[in-house]
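query_29.pdb follows; it contains PDB, C-alpha atoms.
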ATOM      1  CA  MET A   1     -93.558  44.753  52.596
ATOM      2  CA  SER A   2     -95.713  47.815  52.695
ATOM      3  CA  THR A   3     -94.396  51.306  53.199
ATOM      4  CA  SER A   4     -97.799  52.973  53.250
ATOM      5  CA  GLY A   5    -100.946  52.178  55.154
ATOM      6  CA  ASP A   6    -103.174  52.645  52.109
ATOM      7  CA  GLY A   7    -101.934  49.597  50.189
ATOM      8  CA  ALA A   8    -100.483  51.643  47.320
ATOM      9  CA  SER A   9     -97.065  50.004  47.617
ATOM     10  CA  ASP A  10     -98.669  46.552  47.642
ATOM     11  CA  LEU A  11    -100.592  47.376  44.480
ATOM     12  CA  ALA A  12     -97.461  48.830  42.870
ATOM     13  CA  LEU A  13     -95.409  45.711  43.711
ATOM     14  CA  PHE A  14     -98.211  43.472  42.465
ATOM     15  CA  CYS A  15     -98.367  45.344  39.141
ATOM     16  CA  PHE A  16     -94.564  45.356  38.911
ATOM     17  CA  ARG A  17     -94.443  41.596  39.525
ATOM     18  CA  LEU A  18     -97.185  40.865  37.013
ATOM     19  CA  THR A  19     -95.586  43.014  34.331
ATOM     20  CA  LEU A  20     -92.217  41.331  34.820
ATOM     21  CA  ALA A  21     -93.909  37.925  34.858
ATOM     22  CA  VAL A  22     -95.744  38.551  31.596
ATOM     23  CA  VAL A  23     -92.538  39.693  29.894
ATOM     24  CA  PHE A  24     -90.659  36.536  30.908
ATOM     25  CA  VAL A  25     -93.518  34.126  30.153
ATOM     26  CA  MET A  26     -94.177  35.684  26.741
ATOM     27  CA  HIS A  27     -90.475  35.685  25.905
ATOM     28  CA  ALA A  28     -90.326  31.966  26.708
ATOM     29  CA  TRP A  29     -93.489  31.345  24.704
ATOM     30  CA  ASN A  30     -91.957  33.115  21.712
ATOM     31  CA  HIS A  31     -88.776  31.019  21.957
ATOM     32  CA  VAL A  32     -90.809  27.796  21.857
ATOM     33  CA  PHE A  33     -93.792  28.634  19.637
ATOM     34  CA  GLY A  34     -93.021  31.842  17.746
ATOM     35  CA  GLY A  35     -91.197  32.366  14.465
ATOM     36  CA  GLY A  36     -88.872  29.435  13.946
ATOM     37  CA  ARG A  37     -90.200  27.687  17.051
ATOM     38  CA  ILE A  38     -87.772  25.899  19.365
ATOM     39  CA  GLU A  39     -85.778  24.577  16.383
ATOM     40  CA  GLY A  40     -85.132  28.144  15.189
ATOM     41  CA  THR A  41     -84.219  29.225  18.691
ATOM     42  CA  ALA A  42     -81.797  26.291  18.914
ATOM     43  CA  ARG A  43     -80.163  27.278  15.603
ATOM     44  CA  TRP A  44     -79.859  30.854  16.828
ATOM     45  CA  PHE A  45     -78.270  29.729  20.107
ATOM     46  CA  GLU A  46     -75.813  27.581  18.126
ATOM     47  CA  SER A  47     -74.924  30.629  15.995
ATOM     48  CA  LEU A  48     -74.127  32.505  19.207
ATOM     49  CA  GLY A  49     -71.772  29.729  20.285
ATOM     50  CA  MET A  50     -74.043  28.180  22.921
ATOM     51  CA  ARG A  51     -73.442  24.466  22.487
ATOM     52  CA  PRO A  52     -75.558  22.395  22.202
ATOM     53  CA  GLY A  53     -78.108  24.870  20.877
ATOM     54  CA  ARG A  54     -81.185  22.738  21.470
ATOM     55  CA  LEU A  55     -80.305  22.171  25.129
ATOM     56  CA  HIS A  56     -79.819  25.898  25.699
ATOM     57  CA  ALA A  57     -82.933  26.859  23.775
ATOM     58  CA  TRP A  58     -84.989  24.644  26.083
ATOM     59  CA  THR A  59     -83.036  25.660  29.192
ATOM     60  CA  ALA A  60     -83.484  29.380  28.538
ATOM     61  CA  SER A  61     -87.149  28.969  27.581
ATOM     62  CA  LEU A  62     -88.069  26.848  30.594
ATOM     63  CA  THR A  63     -86.084  29.107  32.929
ATOM     64  CA  GLU A  64     -87.820  32.213  31.599
ATOM     65  CA  PHE A  65     -91.211  30.533  31.843
ATOM     66  CA  GLY A  66     -90.621  29.193  35.369
ATOM     67  CA  ALA A  67     -89.145  32.459  36.626
ATOM     68  CA  GLY A  68     -92.057  34.367  35.122
ATOM     69  CA  VAL A  69     -94.687  32.166  36.739
ATOM     70  CA  LEU A  70     -92.961  32.263  40.141
ATOM     71  CA  ILE A  71     -92.472  36.033  39.960
ATOM     72  CA  GLY A  72     -96.129  36.478  39.037
ATOM     73  CA  LEU A  73     -97.232  34.391  41.996
ATOM     74  CA  GLY A  74     -94.728  36.019  44.320
ATOM     75  CA  LEU A  75     -93.428  32.556  45.188
ATOM     76  CA  LEU A  76     -89.772  31.786  45.925
ATOM     77  CA  THR A  77     -89.072  35.326  44.783
ATOM     78  CA  PRO A  78     -85.297  35.390  45.439
ATOM     79  CA  LEU A  79     -84.809  32.162  43.444
ATOM     80  CA  ALA A  80     -87.137  33.266  40.641
ATOM     81  CA  SER A  81     -85.283  36.573  40.476
ATOM     82  CA  ALA A  82     -81.949  34.727  40.390
ATOM     83  CA  ALA A  83     -83.161  32.652  37.439
ATOM     84  CA  ALA A  84     -84.262  35.804  35.601
ATOM     85  CA  ILE A  85     -80.937  37.506  36.327
ATOM     86  CA  ALA A  86     -79.015  34.452  35.096
ATOM     87  CA  VAL A  87     -80.906  34.219  31.798
ATOM     88  CA  MET A  88     -80.534  37.939  31.177
ATOM     89  CA  GLY A  89     -76.844  37.738  32.105
ATOM     90  CA  VAL A  90     -76.224  35.064  29.485
ATOM     91  CA  ALA A  91     -78.195  37.077  26.902
ATOM     92  CA  LEU A  92     -76.212  40.192  27.829
ATOM     93  CA  VAL A  93     -72.851  38.534  27.246
ATOM     94  CA  THR A  94     -73.653  36.321  24.251
ATOM     95  CA  THR A  95     -75.789  38.731  22.240
ATOM     96  CA  HIS A  96     -76.286  42.269  23.431
ATOM     97  CA  LEU A  97     -73.167  43.688  25.104
ATOM     98  CA  ARG A  98     -71.121  44.000  21.922
ATOM     99  CA  ASN A  99     -73.907  46.002  20.247
ATOM    100  CA  GLY A 100     -73.829  49.025  22.543
ATOM    101  CA  PHE A 101     -76.503  50.317  24.880
ATOM    102  CA  PHE A 102     -79.538  51.026  22.706
ATOM    103  CA  ILE A 103     -81.818  48.158  21.706
ATOM    104  CA  PHE A 104     -82.980  49.949  18.558
ATOM    105  CA  ARG A 105     -79.495  49.756  17.053
ATOM    106  CA  PRO A 106     -78.799  46.954  14.579
ATOM    107  CA  SER A 107     -78.303  43.638  16.351
ATOM    108  CA  GLU A 108     -79.928  44.938  19.570
ATOM    109  CA  GLY A 109     -78.050  46.656  22.368
ATOM    110  CA  TYR A 110     -78.188  45.694  26.015
ATOM    111  CA  GLU A 111     -80.628  48.198  27.529
ATOM    112  CA  TYR A 112     -83.556  45.734  27.501
ATOM    113  CA  VAL A 113     -81.787  42.802  29.180
ATOM    114  CA  LEU A 114     -80.134  45.171  31.642
ATOM    115  CA  VAL A 115     -83.501  46.635  32.664
ATOM    116  CA  LEU A 116     -85.034  43.164  33.098
ATOM    117  CA  ALA A 117     -82.099  41.951  35.219
ATOM    118  CA  VAL A 118     -82.190  45.080  37.408
ATOM    119  CA  CYS A 119     -85.980  44.767  37.780
ATOM    120  CA  ALA A 120     -85.546  41.153  38.926
ATOM    121  CA  ALA A 121     -82.872  42.218  41.429
ATOM    122  CA  THR A 122     -85.063  45.088  42.637
ATOM    123  CA  LEU A 123     -87.970  42.723  43.188
ATOM    124  CA  ALA A 124     -85.744  40.397  45.181
ATOM    125  CA  GLY A 125     -84.506  43.268  47.356
ATOM    126  CA  LEU A 126     -87.946  44.770  47.966
ATOM    127  CA  GLY A 127     -89.724  41.453  48.289
ATOM    128  CA  PRO A 128     -92.909  40.528  46.449
ATOM    129  CA  GLY A 129     -95.255  42.507  48.691
ATOM    130  CA  ARG A 130     -98.213  41.466  50.801
ATOM    131  CA  TRP A 131    -100.187  40.226  47.790
ATOM    132  CA  SER A 132     -97.914  37.237  47.207
ATOM    133  CA  LEU A 133     -97.542  33.596  48.153
ATOM    134  CA  ASP A 134     -94.187  34.340  49.780
ATOM    135  CA  GLU A 135     -95.983  36.598  52.235
ATOM    136  CA  LEU A 136     -98.091  33.640  53.358
ATOM    137  CA  ALA A 137     -94.947  31.606  54.074
ATOM    138  CA  GLU A 138     -93.355  34.477  56.016
ATOM    139  CA  PRO A 139     -89.783  33.879  54.844
ATOM    140  CA  SER A 140     -87.182  34.683  57.461
ATOM    141  CA  ILE A 141     -84.580  36.017  55.033
ATOM    142  CA  GLY A 142     -84.407  39.834  55.032
ATOM    143  CA  GLY A 143     -84.229  42.351  52.186
ATOM    144  CA  TRP A 144     -80.437  42.408  51.930
ATOM    145  CA  GLY A 145     -80.375  38.625  52.163
ATOM    146  CA  ARG A 146     -82.957  38.239  49.374
ATOM    147  CA  LEU A 147     -81.022  40.672  47.213
ATOM    148  CA  ALA A 148     -77.716  38.917  47.859
ATOM    149  CA  VAL A 149     -79.209  35.493  47.103
ATOM    150  CA  ALA A 150     -80.803  36.668  43.854
ATOM    151  CA  VAL A 151     -77.837  38.598  42.518
ATOM    152  CA  GLY A 152     -75.250  36.087  43.753
ATOM    153  CA  LEU A 153     -77.004  33.034  42.348
ATOM    154  CA  GLY A 154     -77.983  34.862  39.164
ATOM    155  CA  VAL A 155     -74.485  36.106  38.372
ATOM    156  CA  CYS A 156     -72.861  32.795  39.349
ATOM    157  CA  GLY A 157     -75.418  30.822  37.327
ATOM    158  CA  ALA A 158     -74.854  32.945  34.227
ATOM    159  CA  ALA A 159     -71.079  32.782  34.636
ATOM    160  CA  ALA A 160     -71.099  29.014  35.081
ATOM    161  CA  GLN A 161     -73.244  28.492  32.003
ATOM    162  CA  LEU A 162     -71.009  30.735  29.931
ATOM    163  CA  VAL A 163     -67.796  29.092  31.117
ATOM    164  CA  VAL A 164     -69.056  25.571  30.490
ATOM    165  CA  PHE A 165     -71.105  26.019  27.301
ATOM    166  CA  TRP A 166     -70.296  29.255  25.441
ATOM    167  CA  ARG A 167     -67.869  28.773  22.569
ATOM    168  CA  PRO A 168     -68.208  31.895  20.381
ATOM    169  CA  GLY A 169     -65.171  30.983  18.244
ATOM    170  CA  THR A 170     -66.915  27.778  17.177
ATOM    171  CA  ALA A 171     -70.252  29.359  16.262
ATOM    172  CA  ALA A 172     -71.777  28.156  13.009
ATOM    173  CA  GLY A 173     -70.419  30.117  10.075
ATOM    174  CA  SER A 174     -67.528  31.608  12.057
ATOM    175  CA  GLY A 175     -64.948  29.750  10.037
ATOM    176  CA  ALA A 176     -63.391  28.292  13.159
TER     177      ALA A 176
END
Would you write out, as C-alpha cells, the structure that this file holds?
Amino acid sequence: MSTSGDGASDLALFCFRLTLAVVFVMHAWNHVFGGGRIEGTARWFESLGMRPGRLHAWTASLTEFGAGVLIGLGLLTPLASAAAIAVMGVALVTTHLRNGFFIFRPSEGYEYVLVLAVCAATLAGLGPGRWSLDELAEPSIGGWGRLAVAVGLGVCGAAAQLVVFWRPGTAAGSGA
C-alpha cells in the first residue's frame, strides 16, 4: 500500500514495522533470558493468577517473538498483529489496567500495552507496505478485512486465554 509515488509511505511503514518487531522480539527475549529468566517470568505469571505460570511464560514469550518476527518480515501481517493484540490484551487485563493510564506510576499503567496493541491493529489495517513478504503473495483480503481479522482474533484470543487460565483470586500470596 503506497499513498505517495515517492515511496515515503513504504519507508514509513517499513520503519514502523521494524520498530514494532524489535519491541516484541526484545520483550520476548527479556522474558526468557533477562532478569529471572523464564523461571522468574513463570513465577511472576503465577503471581498474577495465570495458571500454570510456566506454560503462560513460554506461551507469551513465543507469541511475542513469533509476532515480532512476522511483523518485521511483513509476513502474515493480520495474524501476526492478532497475536500481538492478544498478548497485549492479556497483559492489559492481568497487570496494567488496575494501575491507571500512566506507565511511570507504581506497578505500571496501561499506556504502553495500549499503544502496542493499537499499533498492531493499525499495521493490520494499513497493511505491511510494498517492502514486505505479504506484498509478494498479493493477499486478497482488503484493509477492513485485515483489520477485522487482527482485532477480532486478537480480542477473542485474549478473552479465551483469560477465561480459561486467569485465576486472580488464587494467585500466590493472595491468601485464597
Next item on the list: Identify, on the basis of only C-alpha atoms, every residue whose closest approach to A:Gly66 does not exceed 10 Å; exclude the query and any residue fewer than 6 positions from it along the same chain; express the result as a list in words.
Entry: Ala21, Phe24, Val25, Ala28, Ala60, Gly72, Ala80, Ala83 and Ala84 of chain A
Closest atom pairs, stretch 50-93 of chain A residues within 12 Å of stretch 4-16 of chain A, only C-alpha atoms, as CSV:
residue,atom,partner,partner_atom,distance
A:Gly68,CA,A:Phe16,CA,11.9
A:Ile71,CA,A:Phe16,CA,9.6
A:Gly72,CA,A:Phe14,CA,8.1
A:Leu73,CA,A:Phe14,CA,9.1
A:Gly74,CA,A:Phe14,CA,8.4
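In terms of minimum interatomic distance to A:Ala158, A:Ala86 ranks closest within A:Leu92, A:Ala86, A:Leu79, A:Leu126, counting all atoms listed in the file.
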Margin query: Translate the PyMOL selection byres ((chain A and resi 112-116) around 8) into a concrete residue list for this structure, as number ranges by chain.
Written below: A: 20, 84-85, 88-89, 91-92, 96, 103, 109-111, 117-120
Give me a file of those residues, with C-alpha atoms, as a PDB file, keeping the file's coordinate frame.
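That gives us again-v6.pdb:
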ATOM      1  CA  LEU A  20     -92.217  41.331  34.820  1.00  0.00           C
ATOM      2  CA  ALA A  84     -84.262  35.804  35.601  1.00  0.00           C
ATOM      3  CA  ILE A  85     -80.937  37.506  36.327  1.00  0.00           C
ATOM      4  CA  MET A  88     -80.534  37.939  31.177  1.00  0.00           C
ATOM      5  CA  GLY A  89     -76.844  37.738  32.105  1.00  0.00           C
ATOM      6  CA  ALA A  91     -78.195  37.077  26.902  1.00  0.00           C
ATOM      7  CA  LEU A  92     -76.212  40.192  27.829  1.00  0.00           C
ATOM      8  CA  HIS A  96     -76.286  42.269  23.431  1.00  0.00           C
ATOM      9  CA  ILE A 103     -81.818  48.158  21.706  1.00  0.00           C
ATOM     10  CA  GLY A 109     -78.050  46.656  22.368  1.00  0.00           C
ATOM     11  CA  TYR A 110     -78.188  45.694  26.015  1.00  0.00           C
ATOM     12  CA  GLU A 111     -80.628  48.198  27.529  1.00  0.00           C
ATOM     13  CA  ALA A 117     -82.099  41.951  35.219  1.00  0.00           C
ATOM     14  CA  VAL A 118     -82.190  45.080  37.408  1.00  0.00           C
ATOM     15  CA  CYS A 119     -85.980  44.767  37.780  1.00  0.00           C
ATOM     16  CA  ALA A 120     -85.546  41.153  38.926  1.00  0.00           C
TER      17      ALA A 120
END
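Counting all atoms listed in the file, the residue from A:Leu76, A:Val23, A:Ala67, A:Leu55 that sits nearest to A:Asp134 is A:Leu76.
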Select from stretch 35-106 of chain A every residue with an atom at most 9 Å from any atom of stretch 143-148 of chain A, then for each give the shortest pair of atoms and their distance in Å to one decimal, using all atoms listed in the file, rows by chain and rising number, as JSON lines.
{"residue": "A:Thr77", "atom": "CA", "partner": "A:Arg146", "partner_atom": "CA", "distance": 8.2}
{"residue": "A:Pro78", "atom": "CA", "partner": "A:Arg146", "partner_atom": "CA", "distance": 5.4}
{"residue": "A:Leu79", "atom": "CA", "partner": "A:Arg146", "partner_atom": "CA", "distance": 8.7}
{"residue": "A:Ser81", "atom": "CA", "partner": "A:Leu147", "partner_atom": "CA", "distance": 9.0}
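Comparing A:Arg54, A:Leu18, A:Arg43, A:Leu75 by their smallest distance to A:Leu133, the closest is A:Leu75 (using all atoms listed in the file).
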Mind rebuilding stretch 154-165 of chain A with all heavy atoms and writing that out as a compact mmCIF listing (two decimals), in the frame of the given file?
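Final output, out-v1.txt:
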# COMPACT_ATOMS: atom_id res chain seq x y z
N GLY A 154 -77.78 34.49 40.56
CA GLY A 154 -77.98 34.86 39.16
C GLY A 154 -76.68 35.07 38.42
O GLY A 154 -76.47 34.52 37.33
N VAL A 155 -75.78 35.84 39.01
CA VAL A 155 -74.48 36.11 38.37
C VAL A 155 -73.65 34.83 38.29
O VAL A 155 -73.06 34.52 37.25
CB VAL A 155 -73.73 37.23 39.11
CG1 VAL A 155 -72.29 37.33 38.65
CG2 VAL A 155 -74.45 38.57 38.93
N CYS A 156 -73.62 34.06 39.36
CA CYS A 156 -72.86 32.80 39.35
C CYS A 156 -73.45 31.80 38.36
O CYS A 156 -72.71 31.11 37.65
CB CYS A 156 -72.79 32.18 40.74
SG CYS A 156 -71.73 33.11 41.86
N GLY A 157 -74.77 31.73 38.28
CA GLY A 157 -75.42 30.82 37.33
C GLY A 157 -75.10 31.19 35.89
O GLY A 157 -74.78 30.34 35.07
N ALA A 158 -75.18 32.48 35.58
CA ALA A 158 -74.85 32.94 34.23
C ALA A 158 -73.40 32.67 33.91
O ALA A 158 -73.06 32.16 32.83
CB ALA A 158 -75.17 34.43 34.09
N ALA A 159 -72.52 33.00 34.86
CA ALA A 159 -71.08 32.78 34.64
C ALA A 159 -70.76 31.31 34.43
O ALA A 159 -70.00 30.95 33.52
CB ALA A 159 -70.27 33.34 35.81
N ALA A 160 -71.35 30.45 35.23
CA ALA A 160 -71.10 29.01 35.08
C ALA A 160 -71.56 28.51 33.72
O ALA A 160 -70.85 27.75 33.05
CB ALA A 160 -71.80 28.24 36.20
N GLN A 161 -72.74 28.93 33.30
CA GLN A 161 -73.24 28.49 32.00
C GLN A 161 -72.34 28.98 30.87
O GLN A 161 -72.04 28.23 29.95
CB GLN A 161 -74.67 28.98 31.79
CG GLN A 161 -75.27 28.40 30.52
CD GLN A 161 -76.74 28.75 30.36
OE1 GLN A 161 -77.27 29.59 31.05
NE2 GLN A 161 -77.37 28.08 29.42
N LEU A 162 -71.89 30.20 30.96
CA LEU A 162 -71.01 30.74 29.93
C LEU A 162 -69.66 30.01 29.90
O LEU A 162 -69.16 29.67 28.83
CB LEU A 162 -70.81 32.24 30.14
CG LEU A 162 -72.04 33.09 29.86
CD1 LEU A 162 -71.84 34.51 30.39
CD2 LEU A 162 -72.36 33.11 28.37
N VAL A 163 -69.09 29.78 31.06
CA VAL A 163 -67.80 29.09 31.12
C VAL A 163 -67.88 27.67 30.56
O VAL A 163 -67.03 27.23 29.80
CB VAL A 163 -67.25 29.07 32.57
CG1 VAL A 163 -66.10 28.10 32.73
CG2 VAL A 163 -66.83 30.48 32.99
N VAL A 164 -68.94 26.97 30.90
CA VAL A 164 -69.06 25.57 30.49
C VAL A 164 -69.53 25.42 29.05
O VAL A 164 -69.05 24.54 28.33
CB VAL A 164 -70.00 24.81 31.46
CG1 VAL A 164 -70.25 23.39 30.98
CG2 VAL A 164 -69.41 24.80 32.87
N PHE A 165 -70.44 26.29 28.58
CA PHE A 165 -71.10 26.02 27.30
C PHE A 165 -70.88 27.03 26.18
O PHE A 165 -71.17 26.73 25.03
CB PHE A 165 -72.62 25.90 27.52
CG PHE A 165 -73.01 24.74 28.38
CD1 PHE A 165 -73.44 24.93 29.68
CD2 PHE A 165 -72.93 23.44 27.89
CE1 PHE A 165 -73.81 23.86 30.47
CE2 PHE A 165 -73.30 22.36 28.67
CZ PHE A 165 -73.73 22.57 29.96
